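Pasted below: model12.txt, compact mmCIF, N, CA and C atoms.
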```txt
# COMPACT_ATOMS: atom_id res chain seq x y z
N MET A 448 0.39 14.27 -1.41
CA MET A 448 0.45 13.74 -2.76
C MET A 448 -0.75 14.26 -3.55
N THR A 449 -0.48 14.81 -4.70
CA THR A 449 -1.53 15.34 -5.55
C THR A 449 -2.05 14.22 -6.45
N ARG A 450 -3.36 14.08 -6.48
CA ARG A 450 -3.98 13.07 -7.34
C ARG A 450 -4.88 13.77 -8.35
N ASP A 451 -5.11 13.10 -9.45
CA ASP A 451 -6.01 13.68 -10.45
C ASP A 451 -7.44 13.62 -9.93
N PRO A 452 -8.33 14.47 -10.45
CA PRO A 452 -9.71 14.54 -9.96
C PRO A 452 -10.48 13.22 -10.07
N VAL A 453 -10.24 12.45 -11.10
CA VAL A 453 -10.95 11.18 -11.27
C VAL A 453 -10.55 10.20 -10.16
N THR A 454 -9.26 10.14 -9.86
CA THR A 454 -8.80 9.27 -8.78
C THR A 454 -9.36 9.73 -7.44
N ASN A 455 -9.34 11.05 -7.20
CA ASN A 455 -9.90 11.58 -5.96
C ASN A 455 -11.38 11.21 -5.82
N GLU A 456 -12.12 11.29 -6.91
CA GLU A 456 -13.55 10.96 -6.87
C GLU A 456 -13.74 9.48 -6.54
N ARG A 457 -12.93 8.61 -7.13
CA ARG A 457 -13.04 7.18 -6.86
C ARG A 457 -12.67 6.86 -5.42
N LEU A 458 -11.63 7.53 -4.90
CA LEU A 458 -11.23 7.30 -3.51
C LEU A 458 -12.27 7.85 -2.54
N ALA A 459 -12.90 8.96 -2.90
CA ALA A 459 -13.97 9.52 -2.06
C ALA A 459 -15.14 8.54 -2.00
N LYS A 460 -15.47 7.92 -3.12
CA LYS A 460 -16.54 6.92 -3.14
C LYS A 460 -16.16 5.70 -2.29
N LEU A 461 -14.88 5.32 -2.34
CA LEU A 461 -14.41 4.22 -1.51
C LEU A 461 -14.58 4.55 -0.02
N LEU A 462 -14.16 5.75 0.38
CA LEU A 462 -14.31 6.16 1.77
C LEU A 462 -15.78 6.20 2.18
N ASP A 463 -16.63 6.70 1.29
CA ASP A 463 -18.07 6.72 1.58
C ASP A 463 -18.62 5.30 1.77
N GLU A 464 -18.19 4.38 0.91
CA GLU A 464 -18.65 3.00 1.01
C GLU A 464 -18.16 2.35 2.30
N LEU A 465 -16.89 2.57 2.65
CA LEU A 465 -16.36 2.00 3.89
C LEU A 465 -17.10 2.56 5.10
N THR A 466 -17.39 3.86 5.07
CA THR A 466 -18.12 4.49 6.16
C THR A 466 -19.53 3.91 6.27
N SER A 467 -20.20 3.77 5.15
CA SER A 467 -21.56 3.22 5.13
C SER A 467 -21.57 1.78 5.64
N ARG A 468 -20.65 0.96 5.15
CA ARG A 468 -20.59 -0.45 5.57
C ARG A 468 -20.20 -0.56 7.05
N THR A 469 -19.37 0.34 7.53
CA THR A 469 -18.99 0.35 8.94
C THR A 469 -20.20 0.72 9.79
N ARG A 470 -20.89 1.77 9.39
CA ARG A 470 -22.07 2.24 10.13
C ARG A 470 -23.14 1.15 10.23
N SER A 471 -23.33 0.40 9.14
CA SER A 471 -24.36 -0.64 9.13
C SER A 471 -23.91 -1.91 9.85
N GLY A 472 -22.63 -2.00 10.18
CA GLY A 472 -22.10 -3.19 10.83
C GLY A 472 -21.64 -4.26 9.85
N GLU A 473 -21.80 -4.00 8.57
CA GLU A 473 -21.38 -4.97 7.55
C GLU A 473 -19.86 -5.11 7.50
N LEU A 474 -19.15 -4.01 7.75
CA LEU A 474 -17.69 -4.04 7.79
C LEU A 474 -17.28 -3.95 9.26
N HIS A 475 -16.62 -4.99 9.74
CA HIS A 475 -16.25 -5.08 11.15
C HIS A 475 -14.77 -4.75 11.32
N TRP A 476 -14.48 -3.77 12.15
CA TRP A 476 -13.11 -3.35 12.44
C TRP A 476 -12.69 -3.91 13.78
N GLU A 477 -11.41 -4.26 13.89
CA GLU A 477 -10.86 -4.80 15.13
C GLU A 477 -9.67 -3.96 15.55
N ARG A 478 -9.40 -3.97 16.85
CA ARG A 478 -8.20 -3.30 17.38
C ARG A 478 -7.03 -4.24 17.26
N GLN A 479 -5.91 -3.71 16.79
CA GLN A 479 -4.71 -4.53 16.66
C GLN A 479 -4.08 -4.73 18.03
N LEU A 480 -3.67 -5.94 18.34
CA LEU A 480 -3.02 -6.28 19.59
C LEU A 480 -1.79 -5.41 19.81
N GLY A 481 -1.69 -4.77 20.99
CA GLY A 481 -0.54 -3.95 21.32
C GLY A 481 -0.55 -2.59 20.64
N SER A 482 -1.68 -2.17 20.11
CA SER A 482 -1.75 -0.93 19.34
C SER A 482 -3.19 -0.42 19.33
N ALA A 483 -3.34 0.85 19.00
CA ALA A 483 -4.68 1.39 18.82
C ALA A 483 -5.09 1.37 17.35
N HIS A 484 -4.22 0.84 16.48
CA HIS A 484 -4.60 0.70 15.08
C HIS A 484 -5.87 -0.13 14.98
N ARG A 485 -6.67 0.17 13.99
CA ARG A 485 -7.86 -0.62 13.69
C ARG A 485 -7.64 -1.26 12.33
N TYR A 486 -8.14 -2.48 12.19
CA TYR A 486 -8.01 -3.13 10.89
C TYR A 486 -9.28 -3.90 10.57
N ALA A 487 -9.48 -4.11 9.27
CA ALA A 487 -10.61 -4.88 8.78
C ALA A 487 -10.19 -5.60 7.51
N ARG A 488 -10.94 -6.62 7.17
CA ARG A 488 -10.73 -7.35 5.92
C ARG A 488 -11.94 -7.09 5.04
N TRP A 489 -11.68 -6.73 3.79
CA TRP A 489 -12.78 -6.43 2.87
C TRP A 489 -12.33 -6.65 1.44
N LYS A 490 -13.10 -7.43 0.69
CA LYS A 490 -12.82 -7.71 -0.72
C LYS A 490 -11.38 -8.16 -0.95
N ASN A 491 -10.92 -9.09 -0.11
CA ASN A 491 -9.56 -9.63 -0.20
C ASN A 491 -8.48 -8.57 0.01
N ASN A 492 -8.80 -7.54 0.81
CA ASN A 492 -7.85 -6.49 1.16
C ASN A 492 -7.76 -6.37 2.67
N LEU A 493 -6.60 -5.97 3.15
CA LEU A 493 -6.43 -5.61 4.54
C LEU A 493 -6.51 -4.09 4.62
N LEU A 494 -7.42 -3.58 5.45
CA LEU A 494 -7.60 -2.14 5.66
C LEU A 494 -7.03 -1.80 7.03
N ILE A 495 -6.16 -0.82 7.11
CA ILE A 495 -5.56 -0.41 8.38
C ILE A 495 -5.77 1.08 8.57
N LEU A 496 -6.33 1.45 9.72
CA LEU A 496 -6.46 2.86 10.10
C LEU A 496 -5.43 3.15 11.17
N GLY A 497 -4.69 4.21 11.00
CA GLY A 497 -3.67 4.54 11.99
C GLY A 497 -3.50 6.04 12.09
N PRO A 498 -2.56 6.52 12.86
CA PRO A 498 -1.60 5.75 13.66
C PRO A 498 -2.19 5.30 14.98
N ALA A 499 -1.32 4.96 15.90
CA ALA A 499 -1.73 4.27 17.12
C ALA A 499 -2.51 5.13 18.11
N GLU A 500 -2.30 6.43 18.16
CA GLU A 500 -2.98 7.26 19.16
C GLU A 500 -4.45 7.45 18.81
N PRO A 501 -5.34 7.33 19.81
CA PRO A 501 -6.76 7.62 19.55
C PRO A 501 -6.95 9.06 19.08
N LEU A 502 -7.89 9.28 18.20
CA LEU A 502 -8.14 10.59 17.61
C LEU A 502 -8.35 11.66 18.66
N SER A 503 -8.99 11.32 19.77
CA SER A 503 -9.29 12.30 20.81
C SER A 503 -8.04 12.77 21.56
N GLU A 504 -6.93 12.04 21.42
CA GLU A 504 -5.73 12.35 22.19
C GLU A 504 -4.63 13.05 21.39
N THR A 505 -4.83 13.25 20.11
CA THR A 505 -3.75 13.81 19.30
C THR A 505 -4.28 14.50 18.06
N LYS A 506 -3.48 15.37 17.51
CA LYS A 506 -3.80 16.02 16.24
C LYS A 506 -2.95 15.41 15.12
N THR A 507 -2.32 14.29 15.40
CA THR A 507 -1.50 13.60 14.43
C THR A 507 -2.35 13.20 13.23
N PRO A 508 -1.86 13.43 12.02
CA PRO A 508 -2.64 13.03 10.84
C PRO A 508 -2.96 11.54 10.87
N ARG A 509 -4.09 11.18 10.33
CA ARG A 509 -4.55 9.80 10.22
C ARG A 509 -4.27 9.28 8.82
N TYR A 510 -4.31 7.97 8.66
CA TYR A 510 -4.19 7.40 7.33
C TYR A 510 -5.05 6.15 7.24
N LEU A 511 -5.45 5.85 6.04
CA LEU A 511 -6.07 4.58 5.70
C LEU A 511 -5.11 3.91 4.74
N PHE A 512 -4.69 2.71 5.09
CA PHE A 512 -3.77 1.93 4.26
C PHE A 512 -4.55 0.72 3.78
N VAL A 513 -4.60 0.53 2.47
CA VAL A 513 -5.33 -0.58 1.86
C VAL A 513 -4.34 -1.40 1.06
N THR A 514 -4.23 -2.68 1.39
CA THR A 514 -3.33 -3.54 0.63
C THR A 514 -4.00 -4.88 0.34
N PRO A 515 -3.93 -5.33 -0.90
CA PRO A 515 -4.52 -6.63 -1.23
C PRO A 515 -3.72 -7.75 -0.58
N PHE A 516 -4.41 -8.82 -0.20
CA PHE A 516 -3.72 -9.97 0.39
C PHE A 516 -2.85 -10.68 -0.62
N ASP A 517 -3.15 -10.54 -1.91
CA ASP A 517 -2.42 -11.29 -2.92
C ASP A 517 -1.50 -10.42 -3.78
N SER A 518 -1.10 -9.25 -3.27
CA SER A 518 -0.26 -8.35 -4.05
C SER A 518 0.49 -7.40 -3.12
N PRO A 519 1.67 -6.97 -3.53
CA PRO A 519 2.41 -6.00 -2.71
C PRO A 519 1.98 -4.55 -2.94
N SER A 520 1.04 -4.31 -3.85
CA SER A 520 0.61 -2.94 -4.11
C SER A 520 -0.25 -2.42 -2.96
N CYS A 521 -0.41 -1.10 -2.89
CA CYS A 521 -1.21 -0.54 -1.80
C CYS A 521 -1.75 0.83 -2.18
N ILE A 522 -2.70 1.29 -1.37
CA ILE A 522 -3.27 2.64 -1.48
C ILE A 522 -3.16 3.25 -0.10
N GLU A 523 -2.74 4.49 -0.02
CA GLU A 523 -2.73 5.18 1.27
C GLU A 523 -3.41 6.53 1.11
N ILE A 524 -4.33 6.82 2.03
CA ILE A 524 -5.03 8.11 2.05
C ILE A 524 -4.72 8.77 3.38
N SER A 525 -4.29 10.01 3.35
CA SER A 525 -3.93 10.74 4.57
C SER A 525 -5.00 11.77 4.92
N SER A 526 -5.17 12.01 6.21
CA SER A 526 -6.11 13.04 6.63
C SER A 526 -5.61 14.44 6.28
N ASP A 527 -4.34 14.55 5.91
CA ASP A 527 -3.79 15.83 5.45
C ASP A 527 -4.21 16.15 4.02
N ASP A 528 -4.77 15.17 3.32
CA ASP A 528 -5.21 15.39 1.94
C ASP A 528 -6.36 16.39 1.95
N PRO A 529 -6.23 17.51 1.21
CA PRO A 529 -7.27 18.54 1.25
C PRO A 529 -8.65 18.08 0.81
N SER A 530 -8.74 17.16 -0.14
CA SER A 530 -10.06 16.77 -0.61
C SER A 530 -10.59 15.51 0.07
N LEU A 531 -9.72 14.60 0.49
CA LEU A 531 -10.16 13.34 1.09
C LEU A 531 -10.03 13.30 2.61
N GLY A 532 -9.24 14.21 3.17
CA GLY A 532 -8.98 14.21 4.62
C GLY A 532 -10.21 14.26 5.49
N PRO A 533 -11.14 15.18 5.25
CA PRO A 533 -12.34 15.24 6.10
C PRO A 533 -13.16 13.95 6.08
N THR A 534 -13.28 13.32 4.93
CA THR A 534 -14.03 12.08 4.82
C THR A 534 -13.31 10.96 5.56
N LEU A 535 -11.99 10.93 5.46
CA LEU A 535 -11.21 9.94 6.18
C LEU A 535 -11.38 10.12 7.69
N LEU A 536 -11.35 11.35 8.17
CA LEU A 536 -11.53 11.60 9.60
C LEU A 536 -12.91 11.18 10.09
N GLU A 537 -13.92 11.30 9.23
CA GLU A 537 -15.26 10.82 9.58
C GLU A 537 -15.23 9.31 9.79
N LEU A 538 -14.55 8.60 8.87
CA LEU A 538 -14.42 7.15 8.99
C LEU A 538 -13.64 6.79 10.26
N VAL A 539 -12.54 7.48 10.53
CA VAL A 539 -11.73 7.20 11.73
C VAL A 539 -12.58 7.35 12.99
N THR A 540 -13.33 8.44 13.08
CA THR A 540 -14.17 8.69 14.25
C THR A 540 -15.20 7.58 14.42
N LEU A 541 -15.85 7.19 13.34
CA LEU A 541 -16.86 6.13 13.38
C LEU A 541 -16.24 4.80 13.80
N VAL A 542 -15.10 4.46 13.22
CA VAL A 542 -14.44 3.19 13.55
C VAL A 542 -14.01 3.17 15.02
N GLU A 543 -13.47 4.29 15.51
CA GLU A 543 -13.07 4.33 16.92
C GLU A 543 -14.29 4.13 17.82
N GLN A 544 -15.40 4.75 17.49
CA GLN A 544 -16.61 4.60 18.30
C GLN A 544 -17.12 3.16 18.27
N MET A 545 -17.15 2.56 17.09
CA MET A 545 -17.74 1.23 16.95
C MET A 545 -16.83 0.11 17.44
N SER A 546 -15.54 0.36 17.55
CA SER A 546 -14.62 -0.72 17.95
C SER A 546 -13.96 -0.48 19.31
N LYS A 547 -14.39 0.54 20.05
CA LYS A 547 -13.70 0.87 21.30
C LYS A 547 -13.81 -0.22 22.36
N HIS A 548 -14.81 -1.06 22.28
CA HIS A 548 -14.96 -2.13 23.27
C HIS A 548 -14.51 -3.49 22.74
N GLU A 549 -13.94 -3.50 21.55
CA GLU A 549 -13.45 -4.74 20.97
C GLU A 549 -12.18 -5.19 21.71
N PRO A 550 -12.05 -6.47 21.99
CA PRO A 550 -10.79 -6.93 22.56
C PRO A 550 -9.70 -6.89 21.48
N PRO A 551 -8.47 -6.56 21.85
CA PRO A 551 -7.40 -6.53 20.85
C PRO A 551 -7.17 -7.91 20.26
N THR A 552 -6.86 -7.94 18.98
CA THR A 552 -6.56 -9.19 18.29
C THR A 552 -5.30 -9.02 17.47
N ASP A 553 -4.72 -10.13 17.06
CA ASP A 553 -3.51 -10.11 16.24
C ASP A 553 -3.92 -10.41 14.81
N PRO A 554 -3.84 -9.39 13.91
CA PRO A 554 -4.29 -9.63 12.53
C PRO A 554 -3.45 -10.66 11.79
N PHE A 555 -2.27 -10.95 12.33
CA PHE A 555 -1.38 -11.90 11.66
C PHE A 555 -1.24 -13.20 12.44
N GLY A 556 -2.03 -13.36 13.50
CA GLY A 556 -2.00 -14.58 14.29
C GLY A 556 -2.58 -15.74 13.50
N LEU A 557 -2.07 -16.92 13.76
CA LEU A 557 -2.54 -18.11 13.07
C LEU A 557 -3.60 -18.81 13.91
N THR A 558 -4.68 -19.17 13.27
CA THR A 558 -5.73 -19.93 13.94
C THR A 558 -5.52 -21.41 13.65
N GLU A 559 -6.20 -22.25 14.39
CA GLU A 559 -6.12 -23.69 14.17
C GLU A 559 -6.60 -24.04 12.75
N GLU A 560 -7.64 -23.33 12.29
CA GLU A 560 -8.16 -23.57 10.93
C GLU A 560 -7.09 -23.28 9.87
N GLU A 561 -6.39 -22.16 10.02
CA GLU A 561 -5.35 -21.81 9.06
C GLU A 561 -4.19 -22.81 9.11
N MET A 562 -3.81 -23.20 10.32
CA MET A 562 -2.71 -24.17 10.45
C MET A 562 -3.10 -25.50 9.82
N SER A 563 -4.35 -25.92 10.01
CA SER A 563 -4.82 -27.17 9.42
C SER A 563 -4.79 -27.10 7.90
N ARG A 564 -5.18 -25.96 7.35
CA ARG A 564 -5.15 -25.79 5.89
C ARG A 564 -3.73 -25.89 5.36
N LEU A 565 -2.79 -25.35 6.11
CA LEU A 565 -1.39 -25.32 5.66
C LEU A 565 -0.67 -26.64 5.87
N THR A 566 -1.04 -27.39 6.89
CA THR A 566 -0.29 -28.58 7.25
C THR A 566 -1.00 -29.88 6.91
N SER A 567 -2.19 -29.80 6.35
CA SER A 567 -2.93 -31.03 6.03
C SER A 567 -2.59 -31.53 4.66
```

Go through the file and emit its structure as structure tokens.
Amino acid sequence: MTRDPVTNERLAKLLDELTSRTRSGELHWERQLGSAHRYARWKNNLLILGPAEPLSETKTPRYLFVTPFDSPSCIEISSDDPSLGPTLLELVTLVEQMSKHEPPTDPFGLTEEEMSRLTS
């Protein structure tokens, strides 16, 4: 998908910020249960890095999928993108390194706190 230069610049800044926050530990990524996908929550958005195969095992293109919790809209960045791909792959590599020992979790699982909020 071809994007205008201004949008590419904004998305590049987003990738840089996610990488920086991940490196500092401020943004915590988790492994999705039953998958090698990684996900994080940030600024009321769900961030998903995929696909399921670890980067070291495949040359399959990567993607970052960003979707707000309160809207059906989304942003997707592919590692095949000529201007954003290398930065995305840097983020993927960092996230895989920092979350490789994380126990898998279910991003859509309900906790007791959430159930109490809904049923009280």

Q.
If I take atom CA of Val513 of chain A and atom CA of His548 of chain A, how far is one from the other in Å, to one decimal?
A. 23.5 Å

Q. Hey, what's within 10 Å of Pro550 of chain A if we count only C-alpha atoms and toss same-chain stuff fewer than 2 positions away? As a ChimeraX atom specification, please?
A. /A:477-480,546-548,552

(Q) I need the residue nearest Asp517 of chain A from this list: A:Ser467, A:Asn455, A:Asn492, A:Ser503. Use all atoms listed in the file for the distance. (A)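 Ranking A:Ser467, A:Asn455, A:Asn492, A:Ser503 by distance to Asp517 of chain A, first place goes to A:Asn492.
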
Q: Could you please write out, as a PyMOL selection string, every residue of segment 467-558 of chain A that DSSP assigns to strand (DSSP E)?
A: chain A and resi 477-478+485-489+492-497+510-515+522-525

Q | atom C of Cys521 of chain A to atom N of Ser471 of chain A, straight-line distance in Å | A |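 Interatomic distance, atom N of Ser471 of chain A to atom C of Cys521 of chain A: 24.4 Å.
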
Q: Enter the distance from atom C of Lys506 of chain A to atom N of Glu456 of chain A, in Å, rounded to one decimal.
A: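 Separating atom C of Lys506 of chain A from atom N of Glu456 of chain A is a distance of 24.2 Å.
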
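The nearest approach to Val539 of chain A among the residues A:Gly497, A:Pro452, A:Gly472, A:Pro519, with only N, CA and C atoms taken into account, belongs to A:Gly497.
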
Q. Which polymer residues have any atom within 8 Å of an atom of Asp527 of chain A, counting all atoms listed in the file, with same-chain residues fewer than 5 positions away left out, as a list in words?
A.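 Surrounding residues, per the criterion: Met448, Thr507, Pro508, Arg509, Tyr510, Gly532 and Pro533 of chain A.
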
Starting from 3 Å padding per side, set up an axis-aligned box that covers all listed atoms of segment 464-475 of chain A and hand over centre and edge lengths in Å, one decimal, as AutoDock Vina command-line options.
```
--center_x -19.6 --center_y -0.3 --center_z 6.1 --size_x 15.6 --size_y 15.6 --size_z 16.4
```

Q: Please report, as a list in words, each residue of segment 462-547 of chain A to which DSSP assigns alpha helix (DSSP H) when run on this structure's backbone.
A: Leu462, Asp463, Glu464, Leu465, Thr466, Ser467, Arg468, Thr469, Arg470, Ser471, Gly532, Pro533, Thr534, Leu535, Leu536, Glu537, Leu538, Val539, Thr540, Leu541, Val542, Glu543, Gln544, Met545 and Ser546 of chain A

Up to 12 Å from (-10.9, -9.0, 0.1) in the file's coordinates: name the residues, counting only C-alpha atoms, as a short mmCIF file (atom, residue, chain, number, x, y, z; two decimals) with N, CA and C atoms, keeping the file's coordinate frame.
```
data_model
loop_
_atom_site.label_atom_id
_atom_site.label_comp_id
_atom_site.auth_asym_id
_atom_site.auth_seq_id
_atom_site.Cartn_x
_atom_site.Cartn_y
_atom_site.Cartn_z
N LEU A 474 -19.15 -4.01 7.75
CA LEU A 474 -17.69 -4.04 7.79
C LEU A 474 -17.28 -3.95 9.26
N ALA A 487 -9.48 -4.11 9.27
CA ALA A 487 -10.61 -4.88 8.78
C ALA A 487 -10.19 -5.60 7.51
N ARG A 488 -10.94 -6.62 7.17
CA ARG A 488 -10.73 -7.35 5.92
C ARG A 488 -11.94 -7.09 5.04
N TRP A 489 -11.68 -6.73 3.79
CA TRP A 489 -12.78 -6.43 2.87
C TRP A 489 -12.33 -6.65 1.44
N LYS A 490 -13.10 -7.43 0.69
CA LYS A 490 -12.82 -7.71 -0.72
C LYS A 490 -11.38 -8.16 -0.95
N ASN A 491 -10.92 -9.09 -0.11
CA ASN A 491 -9.56 -9.63 -0.20
C ASN A 491 -8.48 -8.57 0.01
N ASN A 492 -8.80 -7.54 0.81
CA ASN A 492 -7.85 -6.49 1.16
C ASN A 492 -7.76 -6.37 2.67
N LEU A 493 -6.60 -5.97 3.15
CA LEU A 493 -6.43 -5.61 4.54
C LEU A 493 -6.51 -4.09 4.62
N LEU A 494 -7.42 -3.58 5.45
CA LEU A 494 -7.60 -2.14 5.66
C LEU A 494 -7.03 -1.80 7.03
N VAL A 513 -4.60 0.53 2.47
CA VAL A 513 -5.33 -0.58 1.86
C VAL A 513 -4.34 -1.40 1.06
N THR A 514 -4.23 -2.68 1.39
CA THR A 514 -3.33 -3.54 0.63
C THR A 514 -4.00 -4.88 0.34
N PRO A 515 -3.93 -5.33 -0.90
CA PRO A 515 -4.52 -6.63 -1.23
C PRO A 515 -3.72 -7.75 -0.58
N PHE A 516 -4.41 -8.82 -0.20
CA PHE A 516 -3.72 -9.97 0.39
C PHE A 516 -2.85 -10.68 -0.62
N ASP A 517 -3.15 -10.54 -1.91
CA ASP A 517 -2.42 -11.29 -2.92
C ASP A 517 -1.50 -10.42 -3.78
N SER A 518 -1.10 -9.25 -3.27
CA SER A 518 -0.26 -8.35 -4.05
C SER A 518 0.49 -7.40 -3.12
#
```

Segment 473-490 of chain A from the block above: N, CA, C and O atoms written as a CSV table (one decimal), in the first residue's frame:
```csv
chain,number,residue,atom,x,y,z
A,473,GLU,N,8.8,0.3,29.3
A,473,GLU,CA,7.6,1.1,29.6
A,473,GLU,C,6.4,0.4,28.8
A,473,GLU,O,5.3,0.4,29.3
A,474,LEU,N,6.7,-0.1,27.7
A,474,LEU,CA,5.6,-0.8,26.9
A,474,LEU,C,5.9,-2.3,27.0
A,474,LEU,O,7.0,-2.8,26.6
A,475,HIS,N,5.0,-3.0,27.6
A,475,HIS,CA,5.2,-4.5,27.9
A,475,HIS,C,4.4,-5.3,26.9
A,475,HIS,O,3.2,-5.1,26.8
A,476,TRP,N,5.1,-6.2,26.2
A,476,TRP,CA,4.5,-7.1,25.2
A,476,TRP,C,4.3,-8.5,25.8
A,476,TRP,O,5.1,-8.9,26.6
A,477,GLU,N,3.2,-9.1,25.5
A,477,GLU,CA,2.9,-10.5,25.9
A,477,GLU,C,2.8,-11.4,24.8
A,477,GLU,O,2.4,-11.0,23.7
A,478,ARG,N,3.0,-12.7,25.0
A,478,ARG,CA,2.8,-13.7,24.0
A,478,ARG,C,1.3,-14.1,24.1
A,478,ARG,O,0.8,-14.4,25.1
A,479,GLN,N,0.7,-14.2,22.9
A,479,GLN,CA,-0.7,-14.6,22.9
A,479,GLN,C,-0.8,-16.1,23.1
A,479,GLN,O,0.0,-16.9,22.5
A,480,LEU,N,-1.7,-16.6,23.9
A,480,LEU,CA,-1.9,-18.0,24.2
A,480,LEU,C,-2.2,-18.8,22.9
A,480,LEU,O,-3.0,-18.4,22.1
A,481,GLY,N,-1.5,-19.9,22.7
A,481,GLY,CA,-1.7,-20.7,21.5
A,481,GLY,C,-1.1,-20.1,20.2
A,481,GLY,O,-1.4,-20.6,19.1
A,482,SER,N,-0.2,-19.1,20.4
A,482,SER,CA,0.3,-18.4,19.2
A,482,SER,C,1.7,-17.8,19.6
A,482,SER,O,2.0,-17.6,20.7
A,483,ALA,N,2.4,-17.4,18.5
A,483,ALA,CA,3.7,-16.7,18.8
A,483,ALA,C,3.4,-15.2,18.6
A,483,ALA,O,4.3,-14.4,18.7
A,484,HIS,N,2.2,-14.8,18.3
A,484,HIS,CA,1.9,-13.4,18.2
A,484,HIS,C,2.2,-12.7,19.5
A,484,HIS,O,2.1,-13.3,20.6
A,485,ARG,N,2.6,-11.4,19.4
A,485,ARG,CA,2.9,-10.6,20.6
A,485,ARG,C,1.8,-9.5,20.6
A,485,ARG,O,1.5,-9.0,19.5
A,486,TYR,N,1.4,-9.1,21.8
A,486,TYR,CA,0.4,-8.0,21.9
A,486,TYR,C,0.8,-7.1,23.1
A,486,TYR,O,1.4,-7.6,24.0
A,487,ALA,N,0.3,-5.9,23.0
A,487,ALA,CA,0.5,-4.9,24.0
A,487,ALA,C,-0.7,-4.0,24.0
A,487,ALA,O,-1.4,-3.9,23.0
A,488,ARG,N,-0.9,-3.3,25.1
A,488,ARG,CA,-2.0,-2.3,25.2
A,488,ARG,C,-1.3,-1.0,25.4
A,488,ARG,O,-0.4,-0.9,26.3
A,489,TRP,N,-1.7,0.0,24.6
A,489,TRP,CA,-1.0,1.3,24.7
A,489,TRP,C,-2.0,2.4,24.2
A,489,TRP,O,-2.6,2.3,23.1
A,490,LYS,N,-2.2,3.4,25.0
A,490,LYS,CA,-3.1,4.6,24.7
A,490,LYS,C,-4.4,4.1,24.2
A,490,LYS,O,-4.9,4.6,23.2
```
